[in-house]
file target_28.cif (mmCIF, C-alpha atoms)
data_model
loop_
_atom_site.label_atom_id
_atom_site.label_comp_id
_atom_site.auth_asym_id
_atom_site.auth_seq_id
_atom_site.Cartn_x
_atom_site.Cartn_y
_atom_site.Cartn_z
CA MET A 156 30.32 -208.25 -84.88
CA ASN A 157 31.88 -211.62 -85.43
CA PHE A 158 30.49 -212.52 -88.86
CA SER A 159 31.84 -213.29 -92.31
CA VAL A 160 30.52 -214.95 -95.44
CA ARG A 161 32.47 -216.40 -98.33
CA SER A 162 31.69 -218.45 -101.45
CA GLU A 163 33.75 -221.38 -102.64
CA PRO A 164 32.82 -222.32 -106.23
CA LEU A 165 32.94 -226.03 -107.07
CA GLY A 166 33.05 -226.31 -110.82
CA GLU A 167 30.51 -224.35 -112.84
CA SER A 168 27.29 -225.58 -111.30
CA ALA A 169 27.90 -225.71 -107.56
CA VAL A 170 28.91 -223.35 -104.82
CA VAL A 171 29.50 -223.63 -101.09
CA ILE A 172 28.53 -220.55 -99.07
CA VAL A 173 30.37 -220.59 -95.75
CA LEU A 174 28.91 -218.53 -92.90
CA THR A 175 31.18 -217.81 -89.94
CA GLY A 176 30.00 -216.34 -86.64
CA GLU A 177 26.55 -214.97 -85.82
CA VAL A 178 23.77 -214.45 -88.36
CA ASP A 179 20.97 -212.11 -87.27
CA LEU A 180 18.91 -209.20 -88.57
CA TYR A 181 22.10 -207.14 -88.89
CA THR A 182 24.32 -209.66 -90.68
CA ALA A 183 21.75 -211.72 -92.63
CA PRO A 184 21.61 -209.21 -95.54
CA ARG A 185 25.23 -210.12 -96.37
CA PHE A 186 24.25 -213.79 -96.49
CA GLU A 187 21.25 -212.87 -98.64
CA ASP A 188 23.46 -210.95 -101.09
CA GLU A 189 25.92 -213.84 -101.36
CA LEU A 190 23.12 -216.35 -101.90
CA GLY A 191 21.54 -214.06 -104.49
CA ARG A 192 24.82 -213.89 -106.41
CA ALA A 193 25.11 -217.69 -106.38
CA ILE A 194 21.56 -218.08 -107.72
CA GLU A 195 21.96 -215.39 -110.36
CA GLY A 196 25.28 -216.99 -111.38
CA GLY A 197 23.41 -220.14 -112.36
CA SER A 198 24.51 -222.46 -109.55
CA ARG A 199 22.40 -225.63 -109.57
CA HIS A 200 23.70 -226.94 -106.27
CA VAL A 201 23.97 -224.40 -103.46
CA ILE A 202 25.45 -225.73 -100.23
CA VAL A 203 25.16 -223.44 -97.20
CA ASP A 204 27.85 -224.53 -94.76
CA LEU A 205 26.96 -223.63 -91.16
CA THR A 206 29.84 -225.57 -89.58
CA GLU A 207 31.57 -222.35 -88.49
CA THR A 208 28.32 -220.58 -87.61
CA THR A 209 27.68 -219.88 -83.93
CA PHE A 210 24.17 -218.35 -84.05
CA ILE A 211 21.19 -218.24 -86.42
CA ASP A 212 17.65 -216.91 -86.03
CA SER A 213 14.37 -216.62 -87.95
CA THR A 214 15.90 -213.96 -90.21
CA THR A 215 18.43 -216.56 -91.35
CA LEU A 216 15.61 -219.02 -92.00
CA GLY A 217 13.86 -216.37 -94.09
CA VAL A 218 16.93 -216.01 -96.32
CA ILE A 219 17.14 -219.79 -96.76
CA VAL A 220 13.41 -220.11 -97.54
CA ASN A 221 13.62 -217.32 -100.13
CA GLY A 222 16.64 -219.03 -101.68
CA LEU A 223 14.68 -222.29 -101.95
CA ARG A 224 11.82 -220.47 -103.64
CA ARG A 225 14.13 -219.01 -106.26
CA LEU A 226 16.08 -222.22 -106.92
CA ARG A 227 13.34 -224.82 -107.10
CA PRO A 228 11.53 -223.57 -110.22
CA HIS A 229 14.83 -224.13 -112.09
CA GLY A 230 15.32 -227.64 -110.76
CA ALA A 231 18.22 -226.41 -108.65
CA GLU A 232 18.74 -227.34 -105.01
CA LEU A 233 19.87 -225.87 -101.71
CA MET A 234 21.45 -227.99 -98.97
CA LEU A 235 22.67 -227.24 -95.47
CA VAL A 236 25.76 -228.50 -93.68
CA LEU A 237 25.05 -228.43 -89.98
CA SER A 238 26.26 -230.48 -87.05
CA ASP A 239 25.65 -228.32 -83.94
CA PRO A 240 22.45 -229.59 -82.25
CA ASN A 241 21.77 -226.13 -80.81
CA LEU A 242 21.74 -224.63 -84.29
CA ARG A 243 19.71 -227.54 -85.64
CA LYS A 244 16.95 -226.88 -83.10
CA ILE A 245 15.48 -223.90 -84.96
CA PHE A 246 15.12 -226.01 -88.11
CA GLN A 247 13.36 -228.70 -86.09
CA ILE A 248 11.04 -226.18 -84.40
CA THR A 249 9.97 -224.71 -87.72
CA GLY A 250 9.88 -228.00 -89.64
CA LEU A 251 12.33 -226.59 -92.14
CA ASP A 252 14.58 -229.63 -91.65
CA ARG A 253 11.91 -231.62 -93.50
CA VAL A 254 11.96 -229.19 -96.42
CA VAL A 255 15.67 -228.60 -96.93
CA PRO A 256 18.24 -231.44 -96.86
CA VAL A 257 20.60 -231.20 -93.88
CA TYR A 258 23.98 -232.99 -93.82
CA GLU A 259 26.42 -233.25 -90.96
CA THR A 260 29.48 -232.73 -93.14
CA ARG A 261 30.29 -230.98 -96.37
CA ALA A 262 31.55 -234.26 -97.80
CA ALA A 263 28.14 -235.84 -97.24
CA ALA A 264 26.41 -232.94 -99.00
CA LEU A 265 28.84 -233.15 -101.91
CA ASP A 266 28.28 -236.89 -102.20
CA HIS A 267 24.59 -236.22 -102.53
CA CYS A 268 24.88 -233.75 -105.36
CA SER A 269 27.69 -235.65 -107.10
CA VAL A 270 30.01 -232.67 -107.28
CA GLU A 271 33.74 -233.14 -107.24
CA ALA A 272 35.35 -231.06 -104.49
CA MET B 89 19.97 -191.15 -80.17
CA THR B 90 19.72 -193.68 -77.38
CA GLU B 91 23.06 -194.68 -75.92
CA PRO B 92 23.37 -198.32 -74.84
CA GLN B 93 23.07 -198.62 -71.06
CA LEU B 94 23.66 -201.56 -68.75
CA GLU B 95 22.71 -201.63 -65.08
CA THR B 96 22.74 -204.28 -62.39
CA ALA B 97 20.99 -204.48 -59.05
CA ILE B 98 20.27 -206.97 -56.30
CA ARG B 99 16.66 -206.64 -55.22
CA GLU B 100 15.88 -207.26 -51.55
CA PRO B 101 14.57 -209.23 -49.81
CA SER B 102 14.65 -211.94 -52.48
CA ASP B 103 17.85 -213.17 -54.05
CA THR B 104 16.78 -212.01 -57.48
CA SER B 105 19.56 -210.41 -59.50
CA VAL B 106 18.24 -207.85 -61.95
CA LEU B 107 20.15 -206.51 -64.89
CA THR B 108 18.77 -204.04 -67.41
CA LEU B 109 19.97 -203.16 -70.88
CA ARG B 110 18.69 -200.33 -73.06
CA PHE B 111 19.88 -200.02 -76.64
CA PRO B 112 18.86 -198.17 -79.81
CA ALA B 113 16.29 -200.09 -81.87
CA LYS B 114 18.74 -200.79 -84.68
CA PRO B 115 19.93 -204.16 -86.03
CA GLU B 116 23.60 -203.48 -85.26
CA TYR B 117 22.85 -203.43 -81.52
CA LEU B 118 21.08 -206.81 -81.34
CA VAL B 119 24.35 -208.51 -80.47
CA LEU B 120 24.44 -206.61 -77.16
CA GLY B 121 21.55 -208.65 -75.74
CA ARG B 122 23.40 -211.88 -76.52
CA LEU B 123 26.68 -210.55 -75.15
CA VAL B 124 24.97 -209.86 -71.82
CA LEU B 125 23.78 -213.46 -71.76
CA SER B 126 27.32 -214.68 -72.46
CA GLY B 127 28.51 -212.49 -69.61
CA LEU B 128 25.88 -213.93 -67.27
CA ALA B 129 27.01 -217.40 -68.24
CA SER B 130 30.48 -216.62 -66.97
CA ALA B 131 29.03 -215.64 -63.58
CA GLU B 132 26.20 -218.18 -63.28
CA PRO B 133 26.20 -221.87 -64.13
CA ILE B 134 24.14 -221.98 -67.35
CA GLU B 135 23.98 -225.13 -69.42
CA GLU B 136 24.97 -224.76 -73.04
CA ASP B 137 21.55 -225.60 -74.47
CA ALA B 138 19.83 -223.20 -72.05
CA LEU B 139 22.17 -220.41 -73.09
CA SER B 140 21.55 -221.20 -76.75
CA ASP B 141 17.76 -221.19 -76.25
CA LEU B 142 17.84 -217.90 -74.37
CA LYS B 143 20.03 -216.21 -76.99
CA LEU B 144 17.62 -217.33 -79.70
CA ALA B 145 14.48 -216.23 -77.83
CA LEU B 146 16.04 -212.90 -76.87
CA THR B 147 17.17 -212.20 -80.43
CA GLU B 148 13.70 -213.00 -81.77
CA ALA B 149 12.05 -210.69 -79.23
CA CYS B 150 14.49 -207.82 -79.80
CA SER B 151 14.42 -208.27 -83.58
CA ASN B 152 10.67 -207.81 -83.55
CA SER B 153 11.06 -204.57 -81.66
CA VAL B 154 13.73 -203.39 -84.09
CA ARG B 155 11.72 -204.43 -87.18
CA HIS B 156 8.26 -203.29 -86.27
CA ALA B 157 8.30 -200.96 -83.32
CA TYR B 158 9.39 -197.62 -84.59
CA ALA B 159 9.46 -197.59 -88.39
CA GLU B 160 11.63 -194.66 -89.39
CA ALA B 161 11.29 -192.70 -86.16
CA GLY B 162 13.81 -194.70 -84.12
CA GLY B 163 13.58 -195.51 -80.44
CA ALA B 164 14.91 -197.78 -77.74
CA VAL B 165 14.57 -201.42 -76.75
CA ASP B 166 14.59 -202.22 -73.02
CA VAL B 167 15.67 -205.66 -71.84
CA ARG B 168 15.31 -206.78 -68.24
CA TYR B 169 17.10 -209.95 -67.10
CA GLU B 170 15.95 -211.47 -63.79
CA ILE B 171 17.89 -214.39 -62.36
CA SER B 172 16.40 -216.18 -59.39
CA ASP B 173 17.03 -219.67 -58.10
CA GLY B 174 18.48 -221.09 -61.30
CA TYR B 175 15.83 -219.51 -63.52
CA LEU B 176 16.21 -216.60 -65.93
CA ALA B 177 13.22 -214.50 -66.94
CA ILE B 178 13.71 -211.88 -69.64
CA GLU B 179 11.37 -209.05 -70.51
CA VAL B 180 11.75 -207.07 -73.72
CA GLU B 181 9.83 -203.83 -74.09
CA ASP B 182 9.52 -201.12 -76.68
CA ASP B 183 7.33 -198.08 -77.15
CA GLY B 184 6.58 -198.71 -80.79
CA ALA B 185 3.84 -200.11 -82.97
CA GLY B 186 3.64 -203.78 -82.10
CA PHE B 187 4.90 -207.31 -82.61
CA ASP B 188 5.68 -209.34 -85.69
CA PRO B 189 2.50 -209.97 -87.68
CA PRO B 190 1.72 -213.51 -88.84
CA ARG B 191 3.50 -214.51 -92.04
CA ARG B 192 2.36 -216.80 -94.80
CA SER B 193 4.62 -219.53 -96.07
CA ASP B 194 3.99 -222.91 -97.61
CA LEU B 195 7.44 -224.09 -96.50
CA LEU B 196 7.03 -223.60 -92.76
CA GLU B 197 4.62 -225.19 -90.32
CA PRO B 198 1.25 -223.40 -90.64
CA GLU B 199 0.52 -223.62 -86.90
CA LEU B 200 3.75 -221.79 -86.21
CA LEU B 201 2.91 -218.92 -88.48
CA GLU B 202 -0.46 -218.15 -86.97
CA GLU B 203 1.03 -216.21 -84.07
CA GLY B 204 4.09 -214.96 -85.94
CA LEU B 205 7.31 -216.89 -86.39
CA GLY B 206 9.27 -214.95 -83.78
CA LEU B 207 6.77 -215.61 -80.98
CA ALA B 208 6.41 -219.25 -82.03
CA ILE B 209 10.16 -219.77 -81.75
CA ILE B 210 10.27 -218.06 -78.35
CA ARG B 211 7.41 -220.29 -77.17
CA ALA B 212 9.19 -223.42 -78.38
CA VAL B 213 12.42 -222.77 -76.45
CA SER B 214 10.93 -221.21 -73.30
CA GLU B 215 9.10 -222.49 -70.25
CA GLU B 216 6.92 -219.39 -70.04
CA LEU B 217 5.80 -216.79 -72.54
CA ALA B 218 3.64 -213.73 -72.05
CA TYR B 219 3.10 -211.19 -74.77
CA ARG B 220 1.04 -208.11 -74.31
CA PRO B 221 0.58 -204.84 -76.10
CA ARG B 222 1.12 -202.07 -73.56
CA ASP B 223 -1.64 -199.53 -73.08
CA GLY B 224 -1.92 -197.79 -76.37
CA ARG B 225 1.79 -197.76 -77.08
CA GLY B 226 4.44 -200.40 -77.48
CA SER B 227 4.57 -204.01 -76.50
CA SER B 228 6.17 -206.29 -73.96
CA VAL B 229 7.23 -209.91 -74.25
CA ARG B 230 8.36 -211.93 -71.24
CA PHE B 231 9.85 -215.40 -71.40
CA GLY B 232 12.10 -217.55 -69.31
CA ARG B 233 13.58 -220.94 -68.69
CA SER B 234 15.64 -222.79 -66.14
CA LEU B 235 19.38 -222.46 -66.51
CA ARG B 236 20.27 -226.07 -65.74
#
call {"tool": "encode", "arguments": {"input": "target_28.cif", "output": "structure tokens"}}
result
Amino acid sequence: MNFSVRSEPLGESAVVIVLTGEVDLYTAPRFEDELGRAIEGGSRHVIVDLTETTFIDSTTLGVIVNGLRRLRPHGAELMLVLSDPNLRKIFQITGLDRVVPVYETRAAALDHCSVEA
Amino acid sequence: MTEPQLETAIREPSDTSVLTLRFPAKPEYLVLGRLVLSGLASAEPIEEDALSDLKLALTEACSNSVRHAYAEAGGAVDVRYEISDGYLAIEVEDDGAGFDPPRRSDLLEPELLEEGLGLAIIRAVSEELAYRPRDGRGSSVRFGRSLR
């Protein structure tokens, strides 16, 4: 399956998790593990970059929602980078785009959390 | 162990093309359903957003079968693709225990969660949706949308 996940640390308090390819019930656990490591590592700004992602489903949303739940009590935040309107649709359907900030570019997300790239 | 199977047929007298896919109810095989849709898109004119919607709906339907249908016992998921006159109807069947139960979440729309998130997403991207438990065993979900 065409899927990979990688983390790009930005200083000590931020991380960008880049998902490439298709995220579904089979591949989402690898995203979940990577997100879990970022949270446990103390990241206060977690940016999930979906620019190279070609498919997401409700399993992916579940991972994101669980990440939000774990981060928010610590005042930490999770943001999405997403420009493909077909991928954005599932966030609109579920209303999750009103709960998690969505930016069209990584630069815009970084501007928001004031992290130097 | 179920081996993945793919069959095609033209059903007379209508011009409906029927393609069936059977795969083991395991997460690693979910991609097969989407690959068939990509293949259809190379043979039929399918707009990009229609293809995206159908891949999402199909993955949700098949994921529910994989998650909830068979527990540890294992089994198969059957997918039937019917293309007729610029419209694609897809039916996903399993012989297992049932569909995704409603979930609770304060972060997602409550109306969506009443019927289960998977079904709600399928409903949102489809022009038709029919879900029914089959007599005593398994379930079937049918959805479809125009391709253009």
call {"tool": "resolve_selection", "arguments": {"input": "target_28.cif", "expression": "the PyMOL selection byres ((chain B and resi 231) around 8)", "output": "VMD selection string"}}
result
chain B and resid 145 177 to 179 210 to 211 214 to 218 229 to 230 232 to 233
call {"tool": "residues_around", "arguments": {"input": "target_28.cif", "residues": "range 204-211 of chain A", "least_positions_apart": "5", "cutoff": "9 Å", "atoms": "all atoms listed in the file", "output": "CSV table (one decimal) with C-alpha atoms, in the coordinates of the input"}}
result
chain,number,residue,atom,x,y,z
A,158,PHE,CA,30.5,-212.5,-88.9
A,171,VAL,CA,29.5,-223.6,-101.1
A,172,ILE,CA,28.5,-220.6,-99.1
A,173,VAL,CA,30.4,-220.6,-95.8
A,174,LEU,CA,28.9,-218.5,-92.9
A,175,THR,CA,31.2,-217.8,-89.9
A,176,GLY,CA,30.0,-216.3,-86.6
A,177,GLU,CA,26.6,-215.0,-85.8
A,178,VAL,CA,23.8,-214.4,-88.4
A,179,ASP,CA,21.0,-212.1,-87.3
A,216,LEU,CA,15.6,-219.0,-92.0
A,234,MET,CA,21.4,-228.0,-99.0
A,235,LEU,CA,22.7,-227.2,-95.5
A,236,VAL,CA,25.8,-228.5,-93.7
A,237,LEU,CA,25.0,-228.4,-90.0
A,238,SER,CA,26.3,-230.5,-87.0
A,239,ASP,CA,25.6,-228.3,-83.9
A,241,ASN,CA,21.8,-226.1,-80.8
A,242,LEU,CA,21.7,-224.6,-84.3
A,245,ILE,CA,15.5,-223.9,-85.0
A,259,GLU,CA,26.4,-233.2,-91.0
A,260,THR,CA,29.5,-232.7,-93.1
A,261,ARG,CA,30.3,-231.0,-96.4
B,140,SER,CA,21.6,-221.2,-76.8
B,143,LYS,CA,20.0,-216.2,-77.0
B,144,LEU,CA,17.6,-217.3,-79.7
call {"tool": "resolve_selection", "arguments": {"input": "target_28.cif", "expression": "the PyMOL selection byres ((chain B and resi 151) around 10)", "output": "ChimeraX atom specification"}}
result
/A:179-181,212-214 /B:113-115,117-118,145-150,152-157,165,187-188,206
call {"tool": "atom_distance", "arguments": {"input": "target_28.cif", "atom1": "CA of Val106 in chain B", "atom2": "CA of Asp173 in chain B"}}
result
12.5 Å
call {"tool": "resolve_selection", "arguments": {"input": "target_28.cif", "expression": "the PyMOL selection byres ((chain B and resi 166) around 6)", "output": "number ranges by chain"}}
result
B: 109-110, 165, 167, 180-181
call {"tool": "atom_distance", "arguments": {"input": "target_28.cif", "atom1": "CA of Asp188 in chain A", "atom2": "CA of Ser162 in chain A"}}
result
11.1 Å
call {"tool": "closest_residue", "arguments": {"input": "target_28.cif", "among": "B:Arg168, B:Asp183, B:Glu116, B:Ser228", "to": "chain A", "atoms": "only C-alpha atoms"}}
result
B:Glu116
call {"tool": "closest_residue", "arguments": {"input": "target_28.cif", "among": "B:Leu142, B:Leu107, B:Ser172, B:Ala212", "to": "chain A", "atoms": "all atoms listed in the file"}}
result
B:Ala212
call {"tool": "atom_distance", "arguments": {"input": "target_28.cif", "atom1": "CA of Arg185 in chain A", "atom2": "CA of Val160 in chain A"}}
result
7.2 Å
call {"tool": "residues_around", "arguments": {"input": "target_28.cif", "residues": "Glu167 in chain A", "least_positions_apart": "6", "cutoff": "9 Å", "atoms": "only C-alpha atoms", "output": "list in words"}}
result
Gly197, Ser198 and Arg199 of chain A
call {"tool": "write_last_selection", "arguments": {"input": "target_28.cif", "atoms": "C-alpha atoms", "output": "PDB file, in the coordinates of the input"}}
result
ATOM      1  CA  GLY A 197      23.410-220.140-112.360  1.00  0.00           C
ATOM      2  CA  SER A 198      24.510-222.460-109.550  1.00  0.00           C
ATOM      3  CA  ARG A 199      22.400-225.630-109.570  1.00  0.00           C
TER       4      ARG A 199
END
call {"tool": "closest_residue", "arguments": {"input": "target_28.cif", "among": "A:Val201, A:Ala262, A:Leu233, A:Leu251", "to": "chain B", "atoms": "only C-alpha atoms"}}
result
A:Leu251
call {"tool": "residues_around", "arguments": {"input": "target_28.cif", "residues": "Ile134 in chain B", "least_positions_apart": "6", "cutoff": "12 Å", "atoms": "all atoms listed in the file", "output": "list of chain:residue names"}}
result
B:Leu125, B:Ser126, B:Gly127, B:Leu128, B:Ser140, B:Asp141, B:Leu142, B:Lys143, B:Ile171, B:Asp173, B:Gly174, B:Tyr175, B:Leu176, B:Arg233, B:Ser234, B:Leu235, B:Arg236
call {"tool": "closest_residue", "arguments": {"input": "target_28.cif", "among": "B:Ser105, B:Val213, B:Leu205, B:Leu94", "to": "Ala131 in chain B", "atoms": "all atoms listed in the file"}}
result
B:Ser105
call {"tool": "closest_residue", "arguments": {"input": "target_28.cif", "among": "B:Leu123, B:Tyr158, B:Tyr169, B:Pro221", "to": "chain A", "atoms": "only C-alpha atoms"}}
result
B:Leu123
call {"tool": "closest_residue", "arguments": {"input": "target_28.cif", "among": "A:Ile202, A:Val170, A:Thr182, A:Ala193", "to": "chain B", "atoms": "all atoms listed in the file"}}
result
A:Thr182
